[in-house]
Amino acid sequence: MNRFVAAERALRAAAPDALLDATRAALTEQYGAQDVELFLADYGLSVLQPVSVPPHALEPVPVPVHNSPAGRAFGSQRPYCEDGRDGRARLHLPVSVRGDRLGVLSVTLPGGEAVRRFEAELADLADVLGREMLVAERDTDLYLRARRKDRLTLAAEMQWQLLPGRSCSRPEYELGAQLEPAYAIFGDNFDWSATADRLMLYVTNGMGEGIEASLLTNLAINALRNARRAGISIADQAALADQAVYAHYRGRCYLSVLMFDFDLATGRAGVVDAGSPRLLRLRDGTVEHVTFDAQLPLGMFEETDYVVQDFQVRPGDRLVFVSDGVHAGASPKGEVYGDAALARAIHSTRLLPAAEVPRAILRELTGHRGKPVPDDDALVVCLDWHGRPAGT
């Protein structure tokens with residue numbers, strides 16, 4: 001049995017709460033690793049949190065996503081080697097699953113020769129670790145607890161558990177999204193789901209605050225998912241979710257949603273615009289606000305009919321979706337952030353990958369707002385469209 005297969009089997013056989021111990025033992029035995037640490041990105045994407053801090057750990061505290069070797073691997077999604085003064089080398093490996101960036105596996109090896117020899121295999125094992133960790137989360141809270149540098153509010157706990165992930169990638173597209181304030185979000189949300197031929201994407205902006213806003217969003221998102229999983233069109237998904245929300249709240253509370261159903265082969269999409277989330281498109285270096293015929297938010301009135309509009313996306317397009325907490329964010333002087341500032345932020349982040357764009361735009365918004373904690377939820381979703389590769 002070769003070393004990679006032996007290490008992979010050890011990870012797959014590990015108990016849910018013992019993945020790191022199994023990884024450390026396998027890499028020590030098979031690759032001569034002298035230290036192994038696992039860091040997970042926190043909810044705010046500002047630091048990488050250590051899953052555990054054993055006595056021999058080299059990094060006993062969280063490390064920043066910016067300006068750190070581990071953060072460099074996380075941001076670039078490529079292995080990064082850090083040379084040590086004692087001749088050893090520390091290899092930082094991104095831990096991701098289908099483009100969803102989870103964290104970084106840091107492995108200390110005897111020297112540069114070991115890095116050159118083992119880097120490719122260790123990168124593959126970091127991917128195996130990511131997949132096993134997602135499966136393990138069904139049975140342990142260890143990794144969810146490790147991701148938080150502060151305590152989540154109950155509303156935020158409910159919202160993060162509702163999300164599909166924060167990024168994903170396929171040959172046809174790349175997606176990235178982020179919510180703010182990460183530890184106290186309550187109403188905004190996003191959801192996506194793909195098949196071999198289609199991508200469905202929802203961007204939602206729920207009204208209210210705290211638990212009430214989170215409950216409203218949970219009801220609406222699960223109603224949309226229930227209809228989607230029954231194979232129903234997005235117009236009927238919207239109508240059924242509208243009925244579910246109205247039946248419970250009788251028009252007292254409602255939820256705005258922007259829904260897309262993309263054909264992966266052609267880039268044609270059906271759109272239902274039911275509220276306040278906005279779309280801006282970066283195409284050929286120019287940012288423009290894309291508008292659709294506005295329809296009623298979900299749950300405002302009984303038995304609303306929704307109409308699907310056509311939309312065409314082209315390879316190279318970048319679509320940025322924002323909630324009203326972004327475009328209506330105000331400075332200390334009361335100046336609204338607005339589409340002009342948002343367009344500049346989108347243009348300034350044009351060279352970043354889709355997964356990095358939401359965090360970068362929210363940093364720009366924080367500077368405009370003049371305070372770290374917003375008064376309203378803020379949501380940014382970025383979709384880079386590549387189109388289906390020829391011959392597939």
# chains A, B, ... in the order shown; residues from 1 in each chain; ligands from 1
call {"tool": "residues_around", "arguments": {"residues": "region 68-82 of chain A", "least_positions_apart": "3", "cutoff": "7 Å", "atoms": "only C-alpha atoms", "output": "ChimeraX atom specification"}}
result
/A:63-65,89-94,103-104
call {"tool": "closest_atom_pairs", "arguments": {"of": "region 137-190 of chain A", "to": "region 16-34 of chain A", "cutoff": "8 Å", "atoms": "only C-alpha atoms", "output": "CSV"}}
result
residue,atom,partner,partner_atom,distance
A:Glu137,CA,A:Pro16,CA,7.4
A:Asp139,CA,A:Pro16,CA,6.6
A:Thr140,CA,A:Asp17,CA,6.3
A:Leu142,CA,A:Asp17,CA,6.5
call {"tool": "residues_around", "arguments": {"residues": "region 343-346 of chain A", "least_positions_apart": "6", "cutoff": "8 Å", "atoms": "only C-alpha atoms", "output": "list in words"}}
result
Leu280, Leu282, Val287, Glu288, Val320, Val357, Ile361 and Glu364 of chain A
call {"tool": "residues_around", "arguments": {"residues": "Asp273 (chain A)", "least_positions_apart": "6", "cutoff": "9 Å", "atoms": "only C-alpha atoms", "output": "short mmCIF file (atom, residue, chain, number, x, y, z; two decimals) with N, CA and C atoms, in the first residue's frame"}}
result
data_model
loop_
_atom_site.label_atom_id
_atom_site.label_comp_id
_atom_site.auth_asym_id
_atom_site.auth_seq_id
_atom_site.Cartn_x
_atom_site.Cartn_y
_atom_site.Cartn_z
N SER A 256 -38.11 40.01 0.60
CA SER A 256 -37.70 40.32 -0.77
C SER A 256 -36.75 39.25 -1.28
N VAL A 257 -36.89 38.90 -2.54
CA VAL A 257 -36.01 37.87 -3.11
C VAL A 257 -35.77 38.14 -4.58
N LEU A 258 -34.55 37.87 -5.02
CA LEU A 258 -34.18 37.94 -6.43
C LEU A 258 -33.76 36.53 -6.81
N MET A 259 -34.48 35.92 -7.78
CA MET A 259 -34.31 34.51 -8.10
C MET A 259 -33.84 34.35 -9.55
N PHE A 260 -32.85 33.46 -9.75
CA PHE A 260 -32.32 33.18 -11.09
C PHE A 260 -32.31 31.68 -11.34
N THR A 291 -31.67 46.14 -14.18
CA THR A 291 -32.99 46.22 -13.57
C THR A 291 -33.96 45.24 -14.22
N PHE A 292 -34.91 44.81 -13.45
CA PHE A 292 -35.99 43.94 -13.92
C PHE A 292 -37.31 44.56 -13.51
N ASP A 293 -38.39 44.03 -14.06
CA ASP A 293 -39.72 44.49 -13.65
C ASP A 293 -39.97 44.04 -12.22
N ALA A 294 -40.14 45.00 -11.32
CA ALA A 294 -40.31 44.70 -9.90
C ALA A 294 -41.66 44.04 -9.65
N GLN A 295 -41.65 43.01 -8.83
CA GLN A 295 -42.87 42.33 -8.43
C GLN A 295 -42.95 42.34 -6.90
N LEU A 296 -44.07 41.92 -6.37
CA LEU A 296 -44.32 42.03 -4.93
C LEU A 296 -43.44 41.07 -4.13
N PRO A 297 -42.95 41.50 -2.97
CA PRO A 297 -42.20 40.60 -2.09
C PRO A 297 -43.04 39.39 -1.68
N TYR A 306 -46.41 35.37 -10.04
CA TYR A 306 -45.09 35.89 -10.41
C TYR A 306 -44.78 35.56 -11.87
N VAL A 307 -44.14 36.50 -12.53
CA VAL A 307 -43.84 36.37 -13.95
C VAL A 307 -42.32 36.27 -14.12
N VAL A 308 -41.89 35.32 -14.93
CA VAL A 308 -40.47 35.12 -15.20
C VAL A 308 -40.02 36.03 -16.33
N GLN A 309 -38.89 36.70 -16.13
CA GLN A 309 -38.29 37.54 -17.16
C GLN A 309 -37.03 36.88 -17.70
#
call {"tool": "closest_residue", "arguments": {"among": "A:Tyr43, A:Tyr173, A:Tyr202, A:Phe186", "to": "Ala146 (chain A)", "atoms": "only C-alpha atoms"}}
result
A:Tyr43
call {"tool": "atom_distance", "arguments": {"atom1": "CA of Ser169 (chain A)", "atom2": "CA of Gly99 (chain A)"}}
result
4.8 Å
call {"tool": "atom_distance", "arguments": {"atom1": "CA of Gly84 (chain A)", "atom2": "CA of Glu37 (chain A)"}}
result
15.8 Å
call {"tool": "atom_distance", "arguments": {"atom1": "CA of Leu109 (chain A)", "atom2": "CA of Arg145 (chain A)"}}
result
28.3 Å
call {"tool": "closest_residue", "arguments": {"among": "A:Lys333, A:Arg116, A:Arg138, A:Arg147", "to": "Ser52 (chain A)", "atoms": "only C-alpha atoms"}}
result
A:Arg147
call {"tool": "residues_around", "arguments": {"residues": "region 235-238 of chain A", "least_positions_apart": "6", "cutoff": "8 Å", "atoms": "only C-alpha atoms", "output": "list in words"}}
result
Ala223, Leu224, Ala227, Arg228, Val272, Leu298, Asp305, Tyr306, Val307 and Val308 of chain A
call {"tool": "write_last_selection", "arguments": {"atoms": "N, CA and C atoms", "output": "compact mmCIF listing (two decimals), in the first residue's frame"}}
result
# COMPACT_ATOMS: atom_id res chain seq x y z
N ALA A 223 -39.40 26.99 2.15
CA ALA A 223 -40.53 26.87 1.21
C ALA A 223 -40.02 26.88 -0.23
N LEU A 224 -39.05 27.73 -0.54
CA LEU A 224 -38.46 27.76 -1.88
C LEU A 224 -37.76 26.45 -2.19
N ALA A 227 -40.26 23.64 -2.89
CA ALA A 227 -40.82 23.73 -4.24
C ALA A 227 -39.78 23.38 -5.30
N ARG A 228 -38.55 23.86 -5.11
CA ARG A 228 -37.48 23.57 -6.08
C ARG A 228 -37.22 22.08 -6.17
N VAL A 272 -36.99 36.04 -11.46
CA VAL A 272 -38.12 36.60 -10.73
C VAL A 272 -37.55 37.64 -9.76
N LEU A 298 -42.37 38.33 -1.27
CA LEU A 298 -43.07 37.12 -0.85
C LEU A 298 -43.81 37.36 0.46
N ASP A 305 -49.28 36.22 -8.19
CA ASP A 305 -48.72 35.52 -9.35
C ASP A 305 -47.40 36.18 -9.73
N TYR A 306 -46.41 35.37 -10.04
CA TYR A 306 -45.09 35.89 -10.41
C TYR A 306 -44.78 35.56 -11.87
N VAL A 307 -44.14 36.50 -12.53
CA VAL A 307 -43.84 36.37 -13.95
C VAL A 307 -42.32 36.27 -14.12
N VAL A 308 -41.89 35.32 -14.93
CA VAL A 308 -40.47 35.12 -15.20
C VAL A 308 -40.02 36.03 -16.33
call {"tool": "select_by_dssp", "arguments": {"residues": "region 34-145 of chain A", "states": "strand (DSSP E or B)", "output": "NGL selection string"}}
result
:A and (35-41 or 47-50 or 63-64 or 80-83 or 89-97 or 100-109)
call {"tool": "select_by_dssp", "arguments": {"residues": "region 146-287 of chain A", "states": "alpha helix (DSSP H)", "output": "PyMOL selection string"}}
result
chain A and resi 146+154-162+210-228+234-249
call {"tool": "residues_around", "arguments": {"residues": "Pro164 (chain A)", "least_positions_apart": "6", "cutoff": "10 Å", "atoms": "only C-alpha atoms", "output": "VMD selection string"}}
result
chain A and resid 100 190 to 193
call {"tool": "residues_around", "arguments": {"residues": "Gly325 (chain A)", "least_positions_apart": "5", "cutoff": "8 Å", "atoms": "only C-alpha atoms", "output": "NGL selection string"}}
result
:A and (376-379)
call {"tool": "write_last_selection", "arguments": {"atoms": "N, CA and C atoms", "output": "PDB file, in the first residue's frame"}}
result
ATOM      1  N   ASP A 376     -27.681  47.572   9.736  1.00  0.00           N
ATOM      2  CA  ASP A 376     -28.543  46.671   8.978  1.00  0.00           C
ATOM      3  C   ASP A 376     -27.688  45.540   8.412  1.00  0.00           C
ATOM      4  N   ASP A 377     -28.329  44.413   8.128  1.00  0.00           N
ATOM      5  CA  ASP A 377     -27.635  43.318   7.463  1.00  0.00           C
ATOM      6  C   ASP A 377     -27.075  43.783   6.126  1.00  0.00           C
ATOM      7  N   ALA A 378     -25.947  43.209   5.746  1.00  0.00           N
ATOM      8  CA  ALA A 378     -25.367  43.487   4.438  1.00  0.00           C
ATOM      9  C   ALA A 378     -24.952  42.161   3.807  1.00  0.00           C
ATOM     10  N   LEU A 379     -25.351  41.959   2.573  1.00  0.00           N
ATOM     11  CA  LEU A 379     -25.095  40.717   1.856  1.00  0.00           C
ATOM     12  C   LEU A 379     -24.532  41.031   0.485  1.00  0.00           C
TER      13      LEU A 379
END
call {"tool": "closest_residue", "arguments": {"among": "A:Asp384, A:Glu113, A:Asp310, A:Glu209", "to": "Ile185 (chain A)", "atoms": "only C-alpha atoms"}}
result
A:Glu209
call {"tool": "decode", "arguments": {"residues": "region 287-316 of chain A", "atoms": "N, CA, C and O atoms", "output": "PDB file, in the first residue's frame"}}
result
ATOM      1  N   VAL A 287     -19.209  48.715 -15.383  1.00  0.00           N
ATOM      2  CA  VAL A 287     -20.187  48.267 -14.389  1.00  0.00           C
ATOM      3  C   VAL A 287     -21.514  48.953 -14.656  1.00  0.00           C
ATOM      4  O   VAL A 287     -21.573  50.179 -14.813  1.00  0.00           O
ATOM      5  N   GLU A 288     -22.583  48.183 -14.718  1.00  0.00           N
ATOM      6  CA  GLU A 288     -23.905  48.752 -14.927  1.00  0.00           C
ATOM      7  C   GLU A 288     -24.921  48.096 -14.007  1.00  0.00           C
ATOM      8  O   GLU A 288     -24.804  46.923 -13.656  1.00  0.00           O
ATOM      9  N   HIS A 289     -25.924  48.890 -13.605  1.00  0.00           N
ATOM     10  CA  HIS A 289     -27.009  48.399 -12.767  1.00  0.00           C
ATOM     11  C   HIS A 289     -28.030  47.715 -13.673  1.00  0.00           C
ATOM     12  O   HIS A 289     -28.539  48.323 -14.619  1.00  0.00           O
ATOM     13  N   VAL A 290     -28.323  46.459 -13.416  1.00  0.00           N
ATOM     14  CA  VAL A 290     -29.296  45.693 -14.202  1.00  0.00           C
ATOM     15  C   VAL A 290     -30.635  45.725 -13.482  1.00  0.00           C
ATOM     16  O   VAL A 290     -30.719  45.383 -12.295  1.00  0.00           O
ATOM     17  N   THR A 291     -31.670  46.139 -14.181  1.00  0.00           N
ATOM     18  CA  THR A 291     -32.991  46.223 -13.570  1.00  0.00           C
ATOM     19  C   THR A 291     -33.955  45.237 -14.220  1.00  0.00           C
ATOM     20  O   THR A 291     -33.819  44.887 -15.400  1.00  0.00           O
ATOM     21  N   PHE A 292     -34.909  44.807 -13.446  1.00  0.00           N
ATOM     22  CA  PHE A 292     -35.987  43.942 -13.922  1.00  0.00           C
ATOM     23  C   PHE A 292     -37.313  44.559 -13.511  1.00  0.00           C
ATOM     24  O   PHE A 292     -37.355  45.486 -12.701  1.00  0.00           O
ATOM     25  N   ASP A 293     -38.394  44.032 -14.062  1.00  0.00           N
ATOM     26  CA  ASP A 293     -39.719  44.488 -13.652  1.00  0.00           C
ATOM     27  C   ASP A 293     -39.968  44.041 -12.220  1.00  0.00           C
ATOM     28  O   ASP A 293     -39.973  42.841 -11.918  1.00  0.00           O
ATOM     29  N   ALA A 294     -40.143  45.004 -11.323  1.00  0.00           N
ATOM     30  CA  ALA A 294     -40.311  44.695  -9.903  1.00  0.00           C
ATOM     31  C   ALA A 294     -41.665  44.040  -9.647  1.00  0.00           C
ATOM     32  O   ALA A 294     -42.691  44.461 -10.194  1.00  0.00           O
ATOM     33  N   GLN A 295     -41.649  43.014  -8.832  1.00  0.00           N
ATOM     34  CA  GLN A 295     -42.870  42.335  -8.427  1.00  0.00           C
ATOM     35  C   GLN A 295     -42.952  42.344  -6.900  1.00  0.00           C
ATOM     36  O   GLN A 295     -42.014  42.744  -6.217  1.00  0.00           O
ATOM     37  N   LEU A 296     -44.073  41.923  -6.367  1.00  0.00           N
ATOM     38  CA  LEU A 296     -44.315  42.033  -4.927  1.00  0.00           C
ATOM     39  C   LEU A 296     -43.437  41.072  -4.128  1.00  0.00           C
ATOM     40  O   LEU A 296     -43.194  39.935  -4.557  1.00  0.00           O
ATOM     41  N   PRO A 297     -42.951  41.498  -2.971  1.00  0.00           N
ATOM     42  CA  PRO A 297     -42.198  40.595  -2.087  1.00  0.00           C
ATOM     43  C   PRO A 297     -43.041  39.391  -1.681  1.00  0.00           C
ATOM     44  O   PRO A 297     -44.280  39.429  -1.718  1.00  0.00           O
ATOM     45  N   LEU A 298     -42.372  38.331  -1.267  1.00  0.00           N
ATOM     46  CA  LEU A 298     -43.066  37.120  -0.846  1.00  0.00           C
ATOM     47  C   LEU A 298     -43.812  37.360   0.459  1.00  0.00           C
ATOM     48  O   LEU A 298     -43.245  37.846   1.435  1.00  0.00           O
ATOM     49  N   GLY A 299     -45.106  37.027   0.469  1.00  0.00           N
ATOM     50  CA  GLY A 299     -45.901  37.105   1.685  1.00  0.00           C
ATOM     51  C   GLY A 299     -46.610  38.418   1.921  1.00  0.00           C
ATOM     52  O   GLY A 299     -47.273  38.582   2.935  1.00  0.00           O
ATOM     53  N   MET A 300     -46.520  39.353   0.983  1.00  0.00           N
ATOM     54  CA  MET A 300     -47.163  40.655   1.205  1.00  0.00           C
ATOM     55  C   MET A 300     -48.671  40.549   1.030  1.00  0.00           C
ATOM     56  O   MET A 300     -49.443  41.113   1.824  1.00  0.00           O
ATOM     57  N   PHE A 301     -49.092  39.806  -0.009  1.00  0.00           N
ATOM     58  CA  PHE A 301     -50.520  39.611  -0.250  1.00  0.00           C
ATOM     59  C   PHE A 301     -50.798  38.139  -0.535  1.00  0.00           C
ATOM     60  O   PHE A 301     -49.886  37.365  -0.846  1.00  0.00           O
ATOM     61  N   GLU A 302     -52.055  37.784  -0.477  1.00  0.00           N
ATOM     62  CA  GLU A 302     -52.428  36.387  -0.686  1.00  0.00           C
ATOM     63  C   GLU A 302     -52.454  36.049  -2.171  1.00  0.00           C
ATOM     64  O   GLU A 302     -52.973  36.815  -2.991  1.00  0.00           O
ATOM     65  N   GLU A 303     -51.838  34.913  -2.532  1.00  0.00           N
ATOM     66  CA  GLU A 303     -51.878  34.342  -3.885  1.00  0.00           C
ATOM     67  C   GLU A 303     -51.404  35.318  -4.953  1.00  0.00           C
ATOM     68  O   GLU A 303     -52.106  35.613  -5.924  1.00  0.00           O
ATOM     69  N   THR A 304     -50.204  35.819  -4.792  1.00  0.00           N
ATOM     70  CA  THR A 304     -49.595  36.665  -5.815  1.00  0.00           C
ATOM     71  C   THR A 304     -49.062  35.791  -6.952  1.00  0.00           C
ATOM     72  O   THR A 304     -48.476  34.736  -6.706  1.00  0.00           O
ATOM     73  N   ASP A 305     -49.279  36.217  -8.186  1.00  0.00           N
ATOM     74  CA  ASP A 305     -48.718  35.521  -9.348  1.00  0.00           C
ATOM     75  C   ASP A 305     -47.404  36.179  -9.734  1.00  0.00           C
ATOM     76  O   ASP A 305     -47.296  37.412  -9.770  1.00  0.00           O
ATOM     77  N   TYR A 306     -46.408  35.374 -10.042  1.00  0.00           N
ATOM     78  CA  TYR A 306     -45.090  35.892 -10.409  1.00  0.00           C
ATOM     79  C   TYR A 306     -44.781  35.562 -11.866  1.00  0.00           C
ATOM     80  O   TYR A 306     -45.122  34.477 -12.351  1.00  0.00           O
ATOM     81  N   VAL A 307     -44.143  36.503 -12.531  1.00  0.00           N
ATOM     82  CA  VAL A 307     -43.837  36.371 -13.948  1.00  0.00           C
ATOM     83  C   VAL A 307     -42.323  36.270 -14.123  1.00  0.00           C
ATOM     84  O   VAL A 307     -41.565  37.063 -13.547  1.00  0.00           O
ATOM     85  N   VAL A 308     -41.893  35.316 -14.931  1.00  0.00           N
ATOM     86  CA  VAL A 308     -40.473  35.116 -15.197  1.00  0.00           C
ATOM     87  C   VAL A 308     -40.024  36.033 -16.326  1.00  0.00           C
ATOM     88  O   VAL A 308     -40.698  36.156 -17.347  1.00  0.00           O
ATOM     89  N   GLN A 309     -38.886  36.695 -16.135  1.00  0.00           N
ATOM     90  CA  GLN A 309     -38.286  37.543 -17.161  1.00  0.00           C
ATOM     91  C   GLN A 309     -37.027  36.878 -17.697  1.00  0.00           C
ATOM     92  O   GLN A 309     -36.380  36.102 -16.992  1.00  0.00           O
ATOM     93  N   ASP A 310     -36.676  37.212 -18.925  1.00  0.00           N
ATOM     94  CA  ASP A 310     -35.503  36.624 -19.561  1.00  0.00           C
ATOM     95  C   ASP A 310     -34.263  37.467 -19.281  1.00  0.00           C
ATOM     96  O   ASP A 310     -34.321  38.699 -19.211  1.00  0.00           O
ATOM     97  N   PHE A 311     -33.142  36.783 -19.160  1.00  0.00           N
ATOM     98  CA  PHE A 311     -31.868  37.445 -18.909  1.00  0.00           C
ATOM     99  C   PHE A 311     -30.773  36.608 -19.563  1.00  0.00           C
ATOM    100  O   PHE A 311     -30.837  35.373 -19.545  1.00  0.00           O
ATOM    101  N   GLN A 312     -29.791  37.270 -20.156  1.00  0.00           N
ATOM    102  CA  GLN A 312     -28.709  36.572 -20.833  1.00  0.00           C
ATOM    103  C   GLN A 312     -27.376  36.972 -20.206  1.00  0.00           C
ATOM    104  O   GLN A 312     -27.067  38.146 -20.059  1.00  0.00           O
ATOM    105  N   VAL A 313     -26.591  35.968 -19.819  1.00  0.00           N
ATOM    106  CA  VAL A 313     -25.262  36.214 -19.288  1.00  0.00           C
ATOM    107  C   VAL A 313     -24.239  35.670 -20.283  1.00  0.00           C
ATOM    108  O   VAL A 313     -24.488  34.663 -20.958  1.00  0.00           O
ATOM    109  N   ARG A 314     -23.103  36.364 -20.406  1.00  0.00           N
ATOM    110  CA  ARG A 314     -22.084  35.980 -21.377  1.00  0.00           C
ATOM    111  C   ARG A 314     -20.801  35.571 -20.662  1.00  0.00           C
ATOM    112  O   ARG A 314     -20.505  36.066 -19.561  1.00  0.00           O
ATOM    113  N   PRO A 315     -20.002  34.688 -21.265  1.00  0.00           N
ATOM    114  CA  PRO A 315     -18.706  34.342 -20.667  1.00  0.00           C
ATOM    115  C   PRO A 315     -17.883  35.600 -20.412  1.00  0.00           C
ATOM    116  O   PRO A 315     -17.788  36.484 -21.263  1.00  0.00           O
ATOM    117  N   GLY A 316     -17.311  35.675 -19.214  1.00  0.00           N
ATOM    118  CA  GLY A 316     -16.553  36.854 -18.819  1.00  0.00           C
ATOM    119  C   GLY A 316     -17.345  37.829 -17.979  1.00  0.00           C
ATOM    120  O   GLY A 316     -16.765  38.745 -17.372  1.00  0.00           O
TER     121      GLY A 316
END
